[in-house]
file coords_36.pdb (PDB, C-alpha atoms)
ATOM      1  CA  MET A 359     -84.016  14.915 145.812
ATOM      2  CA  LYS A 360     -83.343  11.161 146.035
ATOM      3  CA  ASN A 361     -86.221  10.450 143.640
ATOM      4  CA  LEU A 362     -85.194  13.163 141.161
ATOM      5  CA  PRO A 363     -83.243  10.807 138.845
ATOM      6  CA  VAL A 364     -86.156   8.365 138.857
ATOM      7  CA  GLN A 365     -88.609  11.140 138.057
ATOM      8  CA  MET A 366     -86.396  12.404 135.261
ATOM      9  CA  ALA A 367     -86.124   8.880 133.836
ATOM     10  CA  ARG A 368     -89.909   8.411 133.950
ATOM     11  CA  TRP A 369     -90.502  11.772 132.313
ATOM     12  CA  SER A 370     -87.936  11.024 129.600
ATOM     13  CA  ALA A 371     -89.531   7.623 128.941
ATOM     14  CA  ALA A 372     -92.950   9.257 128.647
ATOM     15  CA  HIS A 373     -91.660  12.102 126.454
ATOM     16  CA  PRO A 374     -88.688  10.607 124.530
ATOM     17  CA  TRP A 375     -88.309  13.277 121.871
ATOM     18  CA  ARG A 376     -88.638  16.116 124.371
ATOM     19  CA  GLY A 377     -85.970  14.440 126.468
ATOM     20  CA  ILE A 378     -83.657  14.074 123.487
ATOM     21  CA  VAL A 379     -84.100  17.704 122.440
ATOM     22  CA  GLY A 380     -83.690  18.881 126.036
ATOM     23  CA  TRP A 381     -80.405  17.015 126.527
ATOM     24  CA  PHE A 382     -79.154  18.161 123.143
ATOM     25  CA  VAL A 383     -79.881  21.802 124.015
ATOM     26  CA  PHE A 384     -78.203  21.305 127.393
ATOM     27  CA  VAL A 385     -75.043  19.931 125.768
ATOM     28  CA  VAL A 386     -74.971  22.783 123.228
ATOM     29  CA  LEU A 387     -75.331  25.348 126.039
ATOM     30  CA  CYS A 388     -72.528  23.721 128.019
ATOM     31  CA  LEU A 389     -70.324  23.695 124.924
ATOM     32  CA  GLY A 390     -71.088  27.362 124.258
ATOM     33  CA  VAL A 391     -70.267  28.328 127.841
ATOM     34  CA  GLY A 392     -67.017  26.361 127.714
ATOM     35  CA  ILE A 393     -65.965  28.050 124.460
ATOM     36  CA  SER A 394     -66.815  31.521 125.767
ATOM     37  CA  VAL A 395     -64.883  30.959 128.991
ATOM     38  CA  GLY A 396     -61.846  29.664 127.076
ATOM     39  CA  ALA A 397     -58.949  27.616 128.347
ATOM     40  CA  ASN A 398     -55.571  28.206 129.914
ATOM     41  CA  ALA A 399     -52.858  26.238 128.146
ATOM     42  CA  ALA A 400     -50.173  24.686 130.315
ATOM     43  CA  THR A 401     -46.910  26.599 130.379
ATOM     44  CA  THR A 402     -43.362  25.482 131.100
ATOM     45  CA  GLU A 403     -43.713  26.694 134.686
ATOM     46  CA  ASP A 404     -46.709  24.391 135.240
ATOM     47  CA  PHE A 405     -44.497  21.337 134.735
ATOM     48  CA  ARG A 406     -41.932  22.354 137.355
ATOM     49  CA  ILE A 407     -42.940  19.841 140.012
ATOM     50  CA  GLY A 408     -40.860  18.371 142.830
ATOM     51  CA  GLU A 409     -37.089  18.582 143.207
ATOM     52  CA  ALA A 410     -36.488  18.534 139.457
ATOM     53  CA  GLY A 411     -39.005  21.353 139.029
ATOM     54  CA  ARG A 412     -37.319  23.460 141.676
ATOM     55  CA  GLY A 413     -33.966  22.844 140.042
ATOM     56  CA  GLU A 414     -35.327  23.900 136.675
ATOM     57  CA  ALA A 415     -36.821  27.043 138.225
ATOM     58  CA  MET A 416     -33.431  27.917 139.729
ATOM     59  CA  ALA A 417     -31.759  27.381 136.369
ATOM     60  CA  ALA A 418     -34.338  29.627 134.683
ATOM     61  CA  GLU A 419     -33.773  32.380 137.238
ATOM     62  CA  GLY A 420     -30.055  32.178 136.523
ATOM     63  CA  GLY A 421     -30.589  32.319 132.761
ATOM     64  CA  LEU A 422     -29.619  28.666 132.288
ATOM     65  CA  GLN A 423     -32.996  27.249 131.303
ATOM     66  CA  GLN A 424     -33.148  24.711 128.499
ATOM     67  CA  ARG A 425     -33.990  26.272 125.137
ATOM     68  CA  PRO A 426     -35.684  24.685 122.122
ATOM     69  CA  VAL A 427     -32.925  23.500 119.793
ATOM     70  CA  GLU A 428     -33.081  22.360 116.172
ATOM     71  CA  HIS A 429     -30.320  20.614 114.198
ATOM     72  CA  VAL A 430     -29.933  20.851 110.425
ATOM     73  CA  LEU A 431     -27.931  17.903 109.088
ATOM     74  CA  ILE A 432     -26.406  17.964 105.607
ATOM     75  CA  THR A 433     -25.312  14.658 104.091
ATOM     76  CA  ALA A 434     -24.896  13.049 100.686
ATOM     77  CA  ARG A 435     -27.952  11.617  99.031
ATOM     78  CA  PRO A 436     -28.124   7.798  99.201
ATOM     79  CA  GLY A 437     -26.380   6.189  96.257
ATOM     80  CA  THR A 438     -24.432   9.320  95.256
ATOM     81  CA  GLY A 439     -21.127   8.402  96.851
ATOM     82  CA  LYS A 440     -19.093  10.581  99.188
ATOM     83  CA  LEU A 441     -20.302  13.925 100.440
ATOM     84  CA  ASP A 442     -19.150  16.944  98.437
ATOM     85  CA  ILE A 443     -17.768  18.778 101.443
ATOM     86  CA  ALA A 444     -17.451  22.105  99.603
ATOM     87  CA  ALA A 445     -21.104  21.978  98.552
ATOM     88  CA  ALA A 446     -22.102  20.922 102.070
ATOM     89  CA  ASP A 447     -20.174  23.831 103.603
ATOM     90  CA  SER A 448     -21.883  26.220 101.185
ATOM     91  CA  ALA A 449     -25.309  24.813 102.052
ATOM     92  CA  ALA A 450     -24.506  25.023 105.772
ATOM     93  CA  ALA A 451     -23.519  28.664 105.393
ATOM     94  CA  ASP A 452     -26.796  29.298 103.586
ATOM     95  CA  VAL A 453     -28.707  27.595 106.418
ATOM     96  CA  ALA A 454     -26.930  29.670 109.047
ATOM     97  CA  ALA A 455     -27.560  32.924 107.159
ATOM     98  CA  ARG A 456     -31.260  32.157 106.659
ATOM     99  CA  MET A 457     -31.830  31.019 110.241
ATOM    100  CA  GLY A 458     -30.003  33.984 111.719
ATOM    101  CA  LYS A 459     -32.510  36.383 110.128
ATOM    102  CA  LEU A 460     -35.562  34.742 111.682
ATOM    103  CA  PRO A 461     -37.158  36.471 114.708
ATOM    104  CA  GLU A 462     -37.798  33.045 116.272
ATOM    105  CA  VAL A 463     -34.072  32.265 116.422
ATOM    106  CA  LEU A 464     -31.881  33.218 119.381
ATOM    107  CA  SER A 465     -28.534  32.046 118.001
ATOM    108  CA  VAL A 466     -26.971  29.910 115.282
ATOM    109  CA  ALA A 467     -23.831  27.904 116.020
ATOM    110  CA  ASP A 468     -20.987  27.597 113.533
ATOM    111  CA  PRO A 469     -21.341  24.606 111.184
ATOM    112  CA  VAL A 470     -19.599  21.465 112.432
ATOM    113  CA  ARG A 471     -18.173  18.706 110.236
ATOM    114  CA  SER A 472     -18.245  15.086 111.308
ATOM    115  CA  ALA A 473     -14.925  13.340 111.921
ATOM    116  CA  GLY A 474     -15.122  11.411 108.649
ATOM    117  CA  LYS A 475     -16.437  14.421 106.700
ATOM    118  CA  THR A 476     -19.638  12.567 105.899
ATOM    119  CA  ALA A 477     -21.967  15.202 107.353
ATOM    120  CA  VAL A 478     -22.177  18.855 108.319
ATOM    121  CA  ARG A 479     -24.425  20.006 111.164
ATOM    122  CA  VAL A 480     -25.840  23.432 111.979
ATOM    123  CA  THR A 481     -27.340  23.864 115.459
ATOM    124  CA  VAL A 482     -30.053  26.501 115.850
ATOM    125  CA  THR A 483     -31.244  27.684 119.271
ATOM    126  CA  MET A 484     -34.717  29.192 119.363
ATOM    127  CA  LYS A 485     -36.124  31.858 121.654
ATOM    128  CA  GLY A 486     -38.560  31.116 124.475
ATOM    129  CA  PRO A 487     -39.115  28.027 126.646
ATOM    130  CA  GLU A 488     -38.556  24.563 125.253
ATOM    131  CA  LEU A 489     -42.214  23.507 125.391
ATOM    132  CA  GLU A 490     -43.267  26.426 123.180
ATOM    133  CA  GLY A 491     -40.717  25.690 120.464
ATOM    134  CA  LYS A 492     -43.142  23.612 118.381
ATOM    135  CA  LYS A 493     -45.426  26.639 118.013
ATOM    136  CA  HIS A 494     -42.713  28.638 116.245
ATOM    137  CA  VAL A 495     -40.730  25.994 114.357
ATOM    138  CA  ASP A 496     -42.540  26.316 110.996
ATOM    139  CA  PRO A 497     -40.392  29.226 109.692
ATOM    140  CA  LEU A 498     -37.257  27.202 110.434
ATOM    141  CA  LEU A 499     -38.615  24.178 108.584
ATOM    142  CA  GLU A 500     -39.479  26.409 105.619
ATOM    143  CA  GLN A 501     -35.911  27.717 105.410
ATOM    144  CA  THR A 502     -34.515  24.191 105.615
ATOM    145  CA  ALA A 503     -36.816  23.143 102.773
ATOM    146  CA  ALA A 504     -35.650  26.146 100.733
ATOM    147  CA  VAL A 505     -31.990  25.155 101.205
ATOM    148  CA  GLN A 506     -32.837  21.581 100.214
ATOM    149  CA  LYS A 507     -34.526  22.844  97.063
ATOM    150  CA  ALA A 508     -31.487  24.970  96.222
ATOM    151  CA  ASN A 509     -29.149  21.980  96.733
ATOM    152  CA  PRO A 510     -30.789  18.952  95.072
ATOM    153  CA  GLY A 511     -27.520  17.041  95.120
ATOM    154  CA  LEU A 512     -27.458  17.017  98.929
ATOM    155  CA  ARG A 513     -29.799  15.782 101.625
ATOM    156  CA  VAL A 514     -30.725  18.624 103.998
ATOM    157  CA  GLU A 515     -32.878  17.577 106.947
ATOM    158  CA  GLU A 516     -33.957  19.240 110.187
ATOM    159  CA  THR A 517     -34.699  17.599 113.497
ATOM    160  CA  GLY A 518     -34.986  18.561 117.128
ATOM    161  CA  SER A 519     -37.417  18.647 120.018
ATOM    162  CA  PRO A 520     -39.727  21.326 118.484
ATOM    163  CA  SER A 521     -40.023  19.732 115.033
ATOM    164  CA  ILE A 522     -40.435  16.226 116.493
ATOM    165  CA  SER A 523     -43.166  17.424 118.866
ATOM    166  CA  LYS A 524     -44.969  19.137 116.017
ATOM    167  CA  GLY A 525     -44.723  16.029 113.842
ATOM    168  CA  VAL A 526     -46.016  13.764 116.608
ATOM    169  CA  GLU A 527     -48.915  16.162 117.259
ATOM    170  CA  LYS A 528     -49.899  16.120 113.576
ATOM    171  CA  LEU A 529     -49.613  12.332 113.410
ATOM    172  CA  ARG A 530     -51.759  11.966 116.527
ATOM    173  CA  GLY A 531     -54.418  14.252 115.053
ATOM    174  CA  ASP A 532     -54.454  12.314 111.773
ATOM    175  CA  ASP A 533     -54.745   9.003 113.636
ATOM    176  CA  LEU A 534     -57.604  10.337 115.753
ATOM    177  CA  SER A 535     -59.498  11.549 112.682
ATOM    178  CA  ARG A 536     -59.008   8.182 110.976
ATOM    179  CA  THR A 537     -60.193   6.371 114.105
ATOM    180  CA  GLU A 538     -63.332   8.489 114.292
ATOM    181  CA  VAL A 539     -64.196   7.713 110.662
ATOM    182  CA  ILE A 540     -63.951   3.995 111.399
ATOM    183  CA  ALA A 541     -65.408   3.984 114.928
ATOM    184  CA  LEU A 542     -68.581   6.013 114.323
ATOM    185  CA  PRO A 543     -70.171   3.632 111.753
ATOM    186  CA  VAL A 544     -69.177   0.585 113.808
ATOM    187  CA  THR A 545     -70.641   2.149 116.964
ATOM    188  CA  LEU A 546     -73.873   3.058 115.173
ATOM    189  CA  ILE A 547     -74.323  -0.464 113.808
ATOM    190  CA  THR A 548     -73.591  -1.971 117.224
ATOM    191  CA  LEU A 549     -76.123   0.288 118.965
ATOM    192  CA  LEU A 550     -78.753  -0.501 116.334
ATOM    193  CA  LEU A 551     -78.247  -4.212 116.906
ATOM    194  CA  VAL A 552     -78.394  -3.829 120.702
ATOM    195  CA  PHE A 553     -81.334  -1.419 121.024
ATOM    196  CA  SER A 554     -83.184  -2.095 117.744
ATOM    197  CA  SER A 555     -84.092   1.586 117.764
ATOM    198  CA  VAL A 556     -82.771   4.415 115.617
ATOM    199  CA  ALA A 557     -83.478   6.988 118.353
ATOM    200  CA  MET A 558     -81.680   4.988 121.059
ATOM    201  CA  ALA A 559     -78.716   4.478 118.729
ATOM    202  CA  LEU A 560     -78.408   8.109 117.647
ATOM    203  CA  VAL A 561     -78.693   9.775 121.069
ATOM    204  CA  PRO A 562     -75.325   8.499 122.432
ATOM    205  CA  LEU A 563     -73.587   9.382 119.159
ATOM    206  CA  LEU A 564     -75.072  12.904 119.100
ATOM    207  CA  LEU A 565     -74.046  13.497 122.703
ATOM    208  CA  ALA A 566     -70.548  12.187 121.988
ATOM    209  CA  LEU A 567     -70.152  14.408 118.926
TER     210      LEU A 567
END

call {"tool": "encode", "arguments": {"input": "coords_36.pdb", "output": "structure tokens"}}
result
Amino acid sequence: MKNLPVQMARWSAAHPWRGIVGWFVFVVLCLGVGISVGANAATTEDFRIGEAGRGEAMAAEGGLQQRPVEHVLITARPGTGKLDIAAADSAAADVAARMGKLPEVLSVADPVRSAGKTAVRVTVTMKGPELEGKKHVDPLLEQTAAVQKANPGLRVEETGSPSISKGVEKLRGDDLSRTEVIALPVTLITLLLVFSSVAMALVPLLLAL
């Protein structure tokens, strides 16, 4: 058994293309098995670790667990002067009515004006655990966009833990895709310069992909 890696290396050196095809088939089989088995996504309960986790579990059992919350803020557009408070109240009422009809929404708080009457806020509490809010926030964002379209003279924006998490996830995915587009050609050129062999340069890239 101790000489098995050496024997495999000798065999691969003597039969390079067979070795490449064999490893490629092995990786494809492993990928197929992994896809067929599937994965178990982490849940809110999986993050309840230590004293804080036990406290959160107790709060959940008592119906006091933290819910995913979104805030819709209505303000004047930049350069348009003071906020038309009547128009903002009307838009806030429209937001509340639209959000209240969504199955993803648990409750909608009454609109709240800022002290200086420069903004109106509508707080929307979603159903389910906080970590799963980003999976169900799209309908809320669509309704906010619809209210914005119906009120071009105002600025209607939505923010909160679910929408921020979703935005960060999309940004991370876009950055990763952009990095791959840049990194793959640079890696290939580097491997070609180091090994002076197309086969030796392509094998690591194929395995990585």

call {"tool": "residues_around", "arguments": {"input": "coords_36.pdb", "residues": "A:Gly474", "least_positions_apart": "5", "cutoff": "12 Å", "atoms": "only C-alpha atoms", "output": "count of residues only"}}
result
4

call {"tool": "atom_distance", "arguments": {"input": "coords_36.pdb", "atom1": "atom CA of A:Arg479", "atom2": "atom CA of A:Val453"}}
result
9.9 Å

call {"tool": "resolve_selection", "arguments": {"input": "coords_36.pdb", "expression": "the PyMOL selection byres ((chain A and resi 424) around 10)", "output": "ChimeraX atom specification"}}
result
/A:414,417-418,421-423,425-427,483,486-489

call {"tool": "resolve_selection", "arguments": {"input": "coords_36.pdb", "expression": "the PyMOL selection byres ((chain A and resi 497-503) around 8)", "output": "list in words"}}
result
Val430, Val453, Arg456, Met457, Leu460, His494, Val495, Asp496, Ala504, Val505, Gln506, Lys507, Val514, Glu515, Glu516 and Ser521 of chain A

call {"tool": "atom_distance", "arguments": {"input": "coords_36.pdb", "atom1": "atom CA of A:Arg406", "atom2": "atom CA of A:Glu462"}}
result
24.0 Å

call {"tool": "atom_distance", "arguments": {"input": "coords_36.pdb", "atom1": "atom CA of A:Pro469", "atom2": "atom CA of A:Ala444"}}
result
12.5 Å

call {"tool": "closest_residue", "arguments": {"input": "coords_36.pdb", "among": "A:Ala454, A:Leu431, A:Ala449, A:Ile540", "to": "A:Ala477", "atoms": "only C-alpha atoms"}}
result
A:Leu431

call {"tool": "closest_residue", "arguments": {"input": "coords_36.pdb", "among": "A:Val386, A:Val552, A:Leu542, A:Val478", "to": "A:Asp442", "atoms": "all atoms listed in the file"}}
result
A:Val478

call {"tool": "axis_aligned_box", "arguments": {"input": "coords_36.pdb", "around": "stretch 430-447 of chain A", "padding_each_side": "8 Å", "output": "lines of an AutoDock Vina configuration file"}}
result
center_x = -23.7
center_y = 15.0
center_z = 102.8
size_x = 28.5
size_y = 33.6
size_z = 31.2

call {"tool": "residues_around", "arguments": {"input": "coords_36.pdb", "residues": "stretch 546-550 of chain A", "least_positions_apart": "4", "cutoff": "8 Å", "atoms": "only C-alpha atoms", "output": "VMD selection string"}}
result
chain A and resid 542 554 to 556 558 to 560 563

call {"tool": "closest_residue", "arguments": {"input": "coords_36.pdb", "among": "A:Val463, A:Ala397, A:Ala367, A:Leu512", "to": "A:Ala446", "atoms": "all atoms listed in the file"}}
result
A:Leu512

call {"tool": "closest_residue", "arguments": {"input": "coords_36.pdb", "among": "A:Lys492, A:Asp452, A:Val561, A:Ala415", "to": "A:Lys528", "atoms": "only C-alpha atoms"}}
result
A:Lys492

call {"tool": "closest_residue", "arguments": {"input": "coords_36.pdb", "among": "A:Ala473, A:Leu564, A:Ile432, A:Leu529", "to": "A:Ala445", "atoms": "all atoms listed in the file"}}
result
A:Ile432

call {"tool": "build_atoms", "arguments": {"input": "coords_36.pdb", "residues": "stretch 490-520 of chain A", "atoms": "N, CA and C atoms", "output": "PDB file, in the coordinates of the input"}}
result
ATOM      1  N   GLU A 490     -42.580  25.581 124.147  1.00  0.00           N
ATOM      2  CA  GLU A 490     -43.267  26.426 123.180  1.00  0.00           C
ATOM      3  C   GLU A 490     -42.558  26.440 121.829  1.00  0.00           C
ATOM      4  N   GLY A 491     -41.477  25.695 121.706  1.00  0.00           N
ATOM      5  CA  GLY A 491     -40.717  25.690 120.464  1.00  0.00           C
ATOM      6  C   GLY A 491     -41.523  25.192 119.275  1.00  0.00           C
ATOM      7  N   LYS A 492     -42.385  24.184 119.494  1.00  0.00           N
ATOM      8  CA  LYS A 492     -43.142  23.612 118.381  1.00  0.00           C
ATOM      9  C   LYS A 492     -44.123  24.604 117.772  1.00  0.00           C
ATOM     10  N   LYS A 493     -44.497  25.635 118.531  1.00  0.00           N
ATOM     11  CA  LYS A 493     -45.426  26.639 118.013  1.00  0.00           C
ATOM     12  C   LYS A 493     -44.756  27.580 117.011  1.00  0.00           C
ATOM     13  N   HIS A 494     -43.428  27.657 117.053  1.00  0.00           N
ATOM     14  CA  HIS A 494     -42.713  28.638 116.245  1.00  0.00           C
ATOM     15  C   HIS A 494     -41.683  28.003 115.324  1.00  0.00           C
ATOM     16  N   VAL A 495     -41.762  26.687 115.121  1.00  0.00           N
ATOM     17  CA  VAL A 495     -40.730  25.994 114.357  1.00  0.00           C
ATOM     18  C   VAL A 495     -40.994  26.015 112.852  1.00  0.00           C
ATOM     19  N   ASP A 496     -42.204  26.352 112.426  1.00  0.00           N
ATOM     20  CA  ASP A 496     -42.540  26.316 110.996  1.00  0.00           C
ATOM     21  C   ASP A 496     -41.613  27.178 110.132  1.00  0.00           C
ATOM     22  N   PRO A 497     -41.308  28.430 110.528  1.00  0.00           N
ATOM     23  CA  PRO A 497     -40.392  29.226 109.692  1.00  0.00           C
ATOM     24  C   PRO A 497     -39.022  28.573 109.514  1.00  0.00           C
ATOM     25  N   LEU A 498     -38.544  27.884 110.543  1.00  0.00           N
ATOM     26  CA  LEU A 498     -37.257  27.202 110.434  1.00  0.00           C
ATOM     27  C   LEU A 498     -37.334  26.051 109.443  1.00  0.00           C
ATOM     28  N   LEU A 499     -38.434  25.297 109.508  1.00  0.00           N
ATOM     29  CA  LEU A 499     -38.615  24.178 108.584  1.00  0.00           C
ATOM     30  C   LEU A 499     -38.732  24.680 107.143  1.00  0.00           C
ATOM     31  N   GLU A 500     -39.355  25.832 106.964  1.00  0.00           N
ATOM     32  CA  GLU A 500     -39.479  26.409 105.619  1.00  0.00           C
ATOM     33  C   GLU A 500     -38.116  26.783 105.051  1.00  0.00           C
ATOM     34  N   GLN A 501     -37.243  27.347 105.880  1.00  0.00           N
ATOM     35  CA  GLN A 501     -35.911  27.717 105.410  1.00  0.00           C
ATOM     36  C   GLN A 501     -35.082  26.481 105.087  1.00  0.00           C
ATOM     37  N   THR A 502     -35.225  25.443 105.898  1.00  0.00           N
ATOM     38  CA  THR A 502     -34.515  24.191 105.615  1.00  0.00           C
ATOM     39  C   THR A 502     -34.975  23.602 104.289  1.00  0.00           C
ATOM     40  N   ALA A 503     -36.277  23.647 104.043  1.00  0.00           N
ATOM     41  CA  ALA A 503     -36.816  23.143 102.773  1.00  0.00           C
ATOM     42  C   ALA A 503     -36.299  23.967 101.595  1.00  0.00           C
ATOM     43  N   ALA A 504     -36.161  25.277 101.802  1.00  0.00           N
ATOM     44  CA  ALA A 504     -35.650  26.146 100.733  1.00  0.00           C
ATOM     45  C   ALA A 504     -34.196  25.805 100.406  1.00  0.00           C
ATOM     46  N   VAL A 505     -33.388  25.535 101.428  1.00  0.00           N
ATOM     47  CA  VAL A 505     -31.990  25.155 101.205  1.00  0.00           C
ATOM     48  C   VAL A 505     -31.921  23.803 100.502  1.00  0.00           C
ATOM     49  N   GLN A 506     -32.792  22.882 100.880  1.00  0.00           N
ATOM     50  CA  GLN A 506     -32.837  21.581 100.214  1.00  0.00           C
ATOM     51  C   GLN A 506     -33.176  21.738  98.739  1.00  0.00           C
ATOM     52  N   LYS A 507     -34.137  22.613  98.450  1.00  0.00           N
ATOM     53  CA  LYS A 507     -34.526  22.844  97.063  1.00  0.00           C
ATOM     54  C   LYS A 507     -33.385  23.454  96.260  1.00  0.00           C
ATOM     55  N   ALA A 508     -32.604  24.321  96.910  1.00  0.00           N
ATOM     56  CA  ALA A 508     -31.487  24.970  96.222  1.00  0.00           C
ATOM     57  C   ALA A 508     -30.281  24.046  96.067  1.00  0.00           C
ATOM     58  N   ASN A 509     -30.272  22.930  96.789  1.00  0.00           N
ATOM     59  CA  ASN A 509     -29.149  21.980  96.733  1.00  0.00           C
ATOM     60  C   ASN A 509     -29.679  20.564  96.509  1.00  0.00           C
ATOM     61  N   PRO A 510     -30.186  20.277  95.320  1.00  0.00           N
ATOM     62  CA  PRO A 510     -30.789  18.952  95.072  1.00  0.00           C
ATOM     63  C   PRO A 510     -29.793  17.801  95.157  1.00  0.00           C
ATOM     64  N   GLY A 511     -28.508  18.103  95.046  1.00  0.00           N
ATOM     65  CA  GLY A 511     -27.520  17.041  95.120  1.00  0.00           C
ATOM     66  C   GLY A 511     -27.178  16.612  96.534  1.00  0.00           C
ATOM     67  N   LEU A 512     -27.705  17.334  97.528  1.00  0.00           N
ATOM     68  CA  LEU A 512     -27.458  17.017  98.929  1.00  0.00           C
ATOM     69  C   LEU A 512     -28.764  16.620  99.613  1.00  0.00           C
ATOM     70  N   ARG A 513     -28.621  16.046 100.794  1.00  0.00           N
ATOM     71  CA  ARG A 513     -29.799  15.782 101.625  1.00  0.00           C
ATOM     72  C   ARG A 513     -29.717  16.707 102.838  1.00  0.00           C
ATOM     73  N   VAL A 514     -30.682  17.629 102.924  1.00  0.00           N
ATOM     74  CA  VAL A 514     -30.725  18.624 103.998  1.00  0.00           C
ATOM     75  C   VAL A 514     -31.968  18.350 104.836  1.00  0.00           C
ATOM     76  N   GLU A 515     -31.763  17.947 106.085  1.00  0.00           N
ATOM     77  CA  GLU A 515     -32.878  17.577 106.947  1.00  0.00           C
ATOM     78  C   GLU A 515     -32.760  18.284 108.287  1.00  0.00           C
ATOM     79  N   GLU A 516     -33.920  18.555 108.889  1.00  0.00           N
ATOM     80  CA  GLU A 516     -33.957  19.240 110.187  1.00  0.00           C
ATOM     81  C   GLU A 516     -34.649  18.359 111.223  1.00  0.00           C
ATOM     82  N   THR A 517     -34.088  18.340 112.401  1.00  0.00           N
ATOM     83  CA  THR A 517     -34.699  17.599 113.497  1.00  0.00           C
ATOM     84  C   THR A 517     -34.403  18.313 114.811  1.00  0.00           C
ATOM     85  N   GLY A 518     -35.134  17.932 115.826  1.00  0.00           N
ATOM     86  CA  GLY A 518     -34.986  18.561 117.128  1.00  0.00           C
ATOM     87  C   GLY A 518     -36.279  18.428 117.912  1.00  0.00           C
ATOM     88  N   SER A 519     -36.242  18.788 119.162  1.00  0.00           N
ATOM     89  CA  SER A 519     -37.417  18.647 120.018  1.00  0.00           C
ATOM     90  C   SER A 519     -38.641  19.376 119.474  1.00  0.00           C
ATOM     91  N   PRO A 520     -38.536  20.636 119.000  1.00  0.00           N
ATOM     92  CA  PRO A 520     -39.727  21.326 118.484  1.00  0.00           C
ATOM     93  C   PRO A 520     -40.325  20.654 117.253  1.00  0.00           C
TER      94      PRO A 520
END
